[in-house]
$ cat protein_19.txt   # compact mmCIF, C-alpha atoms
# COMPACT_ATOMS: atom_id res chain seq x y z
CA MET A 449 123.57 98.56 107.64
CA ARG A 450 126.53 97.15 105.68
CA ILE A 451 128.19 94.03 107.05
CA PRO A 452 130.80 91.49 105.91
CA SER A 453 129.94 87.97 104.81
CA SER A 454 132.03 85.16 103.34
CA ASP A 455 134.13 85.34 100.15
CA GLY A 456 134.66 89.09 100.45
CA VAL A 457 130.96 89.91 100.20
CA GLU A 458 129.60 93.08 101.76
CA LEU A 459 125.91 92.74 102.53
CA ALA A 460 123.20 95.38 102.68
CA VAL A 461 120.88 94.66 105.61
CA HIS A 462 117.65 96.62 106.01
CA ASP A 463 115.56 97.42 109.08
CA LEU A 464 111.97 97.31 107.78
CA GLY A 465 110.48 98.35 111.12
CA GLY A 466 107.59 97.13 113.22
CA ASP A 467 107.08 96.11 116.84
CA GLY A 468 107.44 92.66 118.33
CA PRO A 469 109.86 89.77 118.11
CA THR A 470 112.50 89.87 115.40
CA LEU A 471 111.62 88.39 112.01
CA LEU A 472 114.23 87.95 109.28
CA VAL A 473 112.89 87.98 105.71
CA ALA A 474 114.94 86.31 102.95
CA HIS A 475 114.12 87.15 99.34
CA ALA A 476 113.75 85.15 96.14
CA THR A 477 116.27 84.97 93.31
CA GLY A 478 116.51 88.24 91.40
CA PHE A 479 114.62 90.24 94.03
CA LEU A 480 115.90 92.30 96.95
CA ALA A 481 114.81 93.22 100.46
CA ALA A 482 112.86 96.31 99.39
CA VAL A 483 110.29 94.25 97.48
CA TYR A 484 109.11 92.80 100.81
CA ARG A 485 108.44 96.17 102.43
CA PRO A 486 104.66 95.79 101.86
CA LEU A 487 104.83 92.41 103.62
CA ALA A 488 106.77 93.98 106.51
CA GLU A 489 104.14 96.72 106.76
CA ALA A 490 101.41 94.10 107.00
CA LEU A 491 103.39 92.43 109.82
CA ALA A 492 104.37 95.64 111.61
CA GLY A 493 102.00 95.18 114.54
CA ARG A 494 103.34 91.71 115.31
CA PHE A 495 107.03 91.64 114.27
CA HIS A 496 110.09 93.83 113.97
CA THR A 497 111.21 92.87 110.49
CA TRP A 498 114.70 92.84 109.05
CA ALA A 499 115.70 91.77 105.54
CA LEU A 500 118.92 91.32 103.62
CA ASP A 501 120.02 91.69 100.03
CA PHE A 502 121.76 88.41 99.19
CA ARG A 503 125.17 88.47 97.49
CA ALA A 504 125.02 89.84 93.93
CA HIS A 505 121.51 91.20 94.63
CA GLY A 506 120.37 94.70 95.49
CA ASP A 507 123.07 96.72 97.23
CA SER A 508 125.17 93.71 98.27
CA THR A 509 128.39 92.96 96.44
CA ARG A 510 129.41 89.95 94.38
CA PRO A 511 131.65 87.26 95.93
CA ALA A 512 135.33 87.63 95.17
CA SER A 513 135.51 84.14 93.67
CA GLY A 514 132.38 84.61 91.55
CA ASP A 515 130.87 81.47 93.14
CA LEU A 516 127.11 81.97 93.58
CA GLY A 517 126.37 78.57 95.14
CA TRP A 518 123.63 78.65 97.72
CA TRP A 519 125.74 77.70 100.72
CA GLY A 520 127.13 81.20 100.25
CA MET A 521 123.58 82.51 100.60
CA ALA A 522 123.41 80.58 103.90
CA ALA A 523 126.57 82.40 105.02
CA ASP A 524 124.81 85.68 104.23
CA VAL A 525 121.90 84.66 106.46
CA ALA A 526 124.24 83.73 109.32
CA ALA A 527 126.13 87.02 109.01
CA THR A 528 122.87 88.95 109.10
CA VAL A 529 121.58 87.18 112.22
CA GLU A 530 124.84 87.93 114.00
CA ALA A 531 124.88 91.56 112.89
CA ILE A 532 121.36 92.40 114.03
CA GLY A 533 122.04 90.78 117.40
CA ALA A 534 118.91 88.67 117.38
CA ASP A 535 118.69 85.65 119.69
CA ARG A 536 116.92 82.91 117.74
CA PRO A 537 114.74 85.17 115.59
CA PHE A 538 111.76 84.03 113.59
CA ALA A 539 112.30 83.74 109.86
CA PHE A 540 110.33 83.92 106.62
CA GLY A 541 111.88 82.87 103.32
CA HIS A 542 110.56 83.05 99.78
CA SER A 543 111.83 80.63 97.11
CA MET A 544 115.66 80.85 97.23
CA GLY A 545 115.40 82.71 100.51
CA GLY A 546 113.56 79.78 102.08
CA ALA A 547 116.31 77.39 101.03
CA ALA A 548 118.99 79.74 102.36
CA LEU A 549 117.29 79.86 105.77
CA VAL A 550 117.23 76.06 105.91
CA LEU A 551 120.89 75.78 104.94
CA ALA A 552 121.84 78.34 107.60
CA GLU A 553 119.89 76.39 110.23
CA LEU A 554 121.57 73.14 109.13
CA ASN A 555 124.96 74.82 109.46
CA ARG A 556 124.16 76.06 112.96
CA PRO A 557 121.16 74.36 114.57
CA GLY A 558 119.29 76.70 116.87
CA THR A 559 119.83 79.81 114.73
CA PHE A 560 116.08 80.29 114.38
CA ARG A 561 113.07 79.87 116.68
CA ALA A 562 110.64 78.91 113.91
CA MET A 563 110.22 79.62 110.22
CA GLU A 564 107.69 79.78 107.43
CA LEU A 565 109.03 78.99 103.96
CA TYR A 566 106.98 80.02 100.95
CA GLU A 567 107.63 77.57 98.10
CA PRO A 568 111.31 77.14 99.01
CA VAL A 569 113.71 75.82 96.39
CA LEU A 570 114.45 72.60 98.23
CA VAL A 571 114.56 69.89 95.60
CA PRO A 572 116.36 66.57 95.20
CA VAL A 573 119.73 67.00 93.52
CA GLY A 574 119.29 66.42 89.80
CA THR A 575 115.78 67.90 89.64
CA PHE A 576 116.95 70.97 87.73
CA PRO A 577 119.30 70.73 84.73
CA THR A 578 122.62 72.49 85.29
CA ALA A 579 124.23 72.46 81.85
CA PRO A 580 124.47 75.93 80.30
CA GLY A 581 121.27 76.67 78.41
CA ASP A 582 119.34 73.67 79.77
CA ASN A 583 117.75 75.32 82.82
CA PRO A 584 114.76 77.35 81.54
CA MET A 585 114.76 79.77 84.49
CA SER A 586 118.47 80.39 84.03
CA ALA A 587 118.03 80.89 80.31
CA ALA A 588 115.16 83.33 80.84
CA ALA A 589 117.19 85.33 83.37
CA ARG A 590 120.09 85.58 80.96
CA ARG A 591 117.76 87.14 78.38
CA ARG A 592 116.46 89.72 80.85
CA ARG A 593 116.69 93.30 79.63
CA PRO A 594 119.36 94.92 81.82
CA VAL A 595 118.91 98.63 81.01
CA PHE A 596 115.91 100.96 80.69
CA GLU A 597 115.72 104.65 79.86
CA SER A 598 114.13 105.35 83.27
CA ARG A 599 112.61 103.65 86.30
CA ASP A 600 109.15 104.61 85.08
CA ALA A 601 109.86 102.89 81.78
CA ALA A 602 110.97 99.77 83.65
CA TYR A 603 107.84 99.86 85.81
CA ASP A 604 105.55 100.17 82.79
CA ASN A 605 107.35 97.31 81.04
CA TYR A 606 107.07 94.91 83.98
CA ALA A 607 103.50 95.90 84.87
CA ALA A 608 102.29 95.03 81.38
CA LYS A 609 103.36 91.40 81.13
CA PRO A 610 104.19 88.23 83.09
CA PRO A 611 105.75 87.33 85.37
CA LEU A 612 106.13 90.57 87.36
CA ASN A 613 102.73 91.99 86.45
CA VAL A 614 101.25 90.03 89.40
CA LEU A 615 103.24 92.06 91.95
CA THR A 616 101.32 94.68 93.92
CA PRO A 617 102.03 98.21 92.66
CA ALA A 618 103.96 98.96 95.86
CA ALA A 619 106.15 95.87 95.55
CA LEU A 620 106.83 96.47 91.86
CA ARG A 621 107.59 100.12 92.54
CA ALA A 622 110.10 99.08 95.19
CA TYR A 623 111.67 96.64 92.73
CA VAL A 624 112.30 99.31 90.10
CA ASP A 625 113.09 102.17 92.50
CA GLU A 626 115.67 100.24 94.53
CA GLY A 627 116.62 97.37 92.22
CA PHE A 628 118.07 99.63 89.53
CA ALA A 629 121.17 101.81 89.61
CA ASP A 630 121.55 105.16 87.89
CA GLN A 631 123.97 105.19 84.95
CA PRO A 632 126.14 108.09 83.73
CA ASP A 633 124.09 108.43 80.54
CA GLY A 634 120.84 108.88 82.46
CA THR A 635 119.59 105.31 82.00
CA VAL A 636 119.05 102.80 84.81
CA ALA A 637 120.50 99.28 85.03
CA LEU A 638 119.52 96.24 87.06
CA LYS A 639 121.64 95.89 90.18
CA CYS A 640 121.29 92.09 89.98
CA ARG A 641 123.04 91.44 86.69
CA PRO A 642 121.19 89.03 84.37
CA GLU A 643 124.22 86.77 84.15
CA ASP A 644 124.40 86.56 87.97
CA GLU A 645 120.69 85.83 88.29
CA ALA A 646 121.07 83.15 85.62
CA GLU A 647 123.91 81.52 87.53
CA VAL A 648 121.96 81.57 90.80
CA PHE A 649 119.09 79.77 89.06
CA ARG A 650 121.48 77.30 87.41
CA VAL A 651 123.00 76.11 90.69
CA GLY A 652 119.76 76.26 92.67
CA GLY A 653 119.26 72.50 92.71
CA LEU A 654 122.77 71.57 93.81
CA HIS A 655 122.89 72.46 97.51
CA GLY A 656 121.42 69.18 98.77
CA GLY A 657 119.16 70.76 101.39
CA PHE A 658 116.15 68.61 100.48
CA ASP A 659 117.95 65.43 101.52
CA ARG A 660 118.75 66.94 104.94
CA LEU A 661 115.30 68.24 105.88
CA GLY A 662 114.99 65.41 108.40
CA GLU A 663 117.77 67.04 110.45
CA LEU A 664 115.71 70.13 111.25
CA ARG A 665 114.62 70.42 114.87
CA LEU A 666 112.47 73.55 114.94
CA PRO A 667 108.89 74.36 113.93
CA VAL A 668 108.76 74.75 110.15
CA THR A 669 105.74 75.63 108.03
CA ILE A 670 105.90 75.10 104.29
CA ALA A 671 103.52 77.49 102.50
CA GLN A 672 102.29 76.52 99.05
CA GLY A 673 100.41 78.81 96.72
CA GLY A 674 96.99 77.49 95.76
CA VAL A 675 97.91 77.99 92.09
CA VAL A 676 100.56 75.29 91.72
CA ASP A 677 102.83 75.80 88.74
CA PRO A 678 105.64 73.45 87.72
CA GLY A 679 108.54 74.26 90.01
CA PRO A 680 109.45 74.13 93.70
CA GLY A 681 105.88 74.73 94.87
CA ALA A 682 104.86 71.32 93.54
CA LEU A 683 107.23 69.75 96.08
CA ALA A 684 105.74 71.54 99.08
CA PRO A 685 103.88 68.47 100.44
CA ALA A 686 107.02 66.33 100.16
CA GLN A 687 109.07 69.02 101.87
CA ALA A 688 106.64 69.26 104.78
CA ASP A 689 106.55 65.47 105.11
CA ALA A 690 110.36 65.29 105.25
CA ILE A 691 110.61 67.72 108.17
CA PRO A 692 109.96 66.30 111.65
CA GLY A 693 106.72 67.95 112.71
CA GLY A 694 106.61 69.90 109.45
CA ARG A 695 103.38 71.67 108.61
CA LEU A 696 101.91 72.43 105.18
CA VAL A 697 99.60 75.38 104.53
CA VAL A 698 98.02 76.40 101.24
CA VAL A 699 97.64 80.11 100.49
CA GLU A 700 94.64 80.06 98.21
CA GLY A 701 94.69 82.00 94.98
CA MET A 702 98.42 82.68 95.06
CA GLY A 703 101.16 81.56 92.70
CA HIS A 704 104.89 81.45 93.30
CA PHE A 705 105.06 85.23 93.83
CA GLY A 706 102.48 85.16 96.64
CA PRO A 707 104.45 87.19 99.22
CA VAL A 708 104.72 90.13 96.80
CA GLN A 709 101.41 89.42 95.05
CA ASP A 710 99.16 89.67 98.14
CA PRO A 711 101.32 90.65 101.14
CA ASP A 712 98.33 91.02 103.46
CA LEU A 713 97.15 87.48 102.79
CA VAL A 714 100.62 85.99 103.22
CA ALA A 715 101.16 88.07 106.37
CA ARG A 716 98.14 86.41 107.95
CA SER A 717 99.68 83.02 107.16
CA VAL A 718 103.00 84.08 108.70
CA ILE A 719 101.33 85.32 111.90
CA GLU A 720 99.34 82.11 112.25
CA SER A 721 102.35 79.89 111.57
CA LEU A 722 104.85 81.67 113.80
CA LEU A 723 102.72 83.17 116.55
CA GLY A 724 99.65 80.98 116.50
CA GLY A 725 97.30 83.73 115.36

$ encode --input "protein_19.txt" --output "structure tokens"
Amino acid sequence: MRIPSSDGVELAVHDLGGDGPTLLVAHATGFLAAVYRPLAEALAGRFHTWALDFRAHGDSTRPASGDLGWWGMAADVAATVEAIGADRPFAFGHSMGGAALVLAELNRPGTFRAMELYEPVLVPVGTFPTAPGDNPMSAAARRRRPVFESRDAAYDNYAAKPPLNVLTPAALRAYVDEGFADQPDGTVALKCRPEDEAEVFRVGGLHGGFDRLGELRLPVTIAQGGVVDPGPGALAPAQADAIPGGRLVVVEGMGHFGPVQDPDLVARSVIESLLGG
């Protein structure tokens, strides 16, 4: 499904199947909906899962203004909920996707029934440096290799080294099969351009969502990987404490890529958080 969002964006929205109440999955920076297909398969007996490619990711287009601020990601979430015709769906967000779900709920309270957020990027303003070159995640994204001779070559490259080597083979295969575009010379290029990914990382601490967590009025579970690296996961307890009735769960053995590292394990957490088991 292709739908309009704000700032001239055309979104790609994907029906990942399953039976049960509607669940919207929102992806992390640099990823795309397809990477969460193994998670959707693990949830298929309990949820009907939809997922979107955020602006400048996957098969969605870039904003006309070039502004990749995260309130635009919230607009993408709102447009998706309206397009799929879901009445207060459940939601699961990973990293940036978790923040975008929160921002969308703040914009329109009552959008969601309940949500689980896996290490969402909800940090106090000023936590991440924003000057060009000062944000290490942004700098790393800018150095990302944009073109490979084939999808198999890209898969072999990512599977051999951090950080993407922790993805399940199915999730990594989805990343290279659907996250790259064929080029006229036979090579393949990342659909999410390194410079766009870098900009999304650079502005990731500017949306102010952390300071408004107290406004949320729906059940929210913050999921933290048991392997806590420096980054948004370290703030999971503070995030849960800031949300009225917020709940913290620890997914043992997982790092920041948990939802695509062990989809079955994370699916059990989602089912428990949203459906009570």

$ residues_around --input "protein_19.txt" --residues "region 681-690 of chain A" --least-positions-apart "2" --cutoff "6 Å" --atoms "all atoms listed in the file" --output "list in words"
Glu567, Leu661, Gly662, Ile670, Gln672, Gly679, Gly694, Arg695 and Leu696 of chain A

$ residues_near_point --input "protein_19.txt" --point "(122.3, 99.7, 91.3)" --cutoff "6 Å" --atoms "all atoms listed in the file" --output "list in words"
Phe628, Ala629 and Lys639 of chain A

$ write_last_selection --input "protein_19.txt" --atoms "C-alpha atoms" --output "PDB file, keeping the file's coordinate frame"
ATOM      1  CA  PHE A 628     118.070  99.630  89.530  1.00  0.00           C
ATOM      2  CA  ALA A 629     121.170 101.810  89.610  1.00  0.00           C
ATOM      3  CA  LYS A 639     121.640  95.890  90.180  1.00  0.00           C
TER       4      LYS A 639
END

$ atom_distance --input "protein_19.txt" --atom1 "CA of Thr616 (chain A)" --atom2 "CA of Pro486 (chain A)"
8.7 Å

$ closest_residue --input "protein_19.txt" --among "A:Thr575, A:Ser586, A:Gln631, A:Gln709" --to "Pro611 (chain A)" --atoms "only C-alpha atoms"
A:Gln709

$ closest_residue --input "protein_19.txt" --among "A:Gly703, A:Gly581, A:Gly465, A:Pro537" --to "Pro680 (chain A)" --atoms "all atoms listed in the file"
A:Gly703

$ closest_residue --input "protein_19.txt" --among "A:Leu723, A:Leu480, A:Leu664, A:Leu612" --to "Ala552 (chain A)" --atoms "all atoms listed in the file"
A:Leu664

$ closest_residue --input "protein_19.txt" --among "A:Val648, A:Leu620, A:Ala715, A:Met585" --to "Met521 (chain A)" --atoms "only C-alpha atoms"
A:Val648

$ atom_distance --input "protein_19.txt" --atom1 "CA of Tyr484 (chain A)" --atom2 "CA of Pro577 (chain A)"
29.1 Å
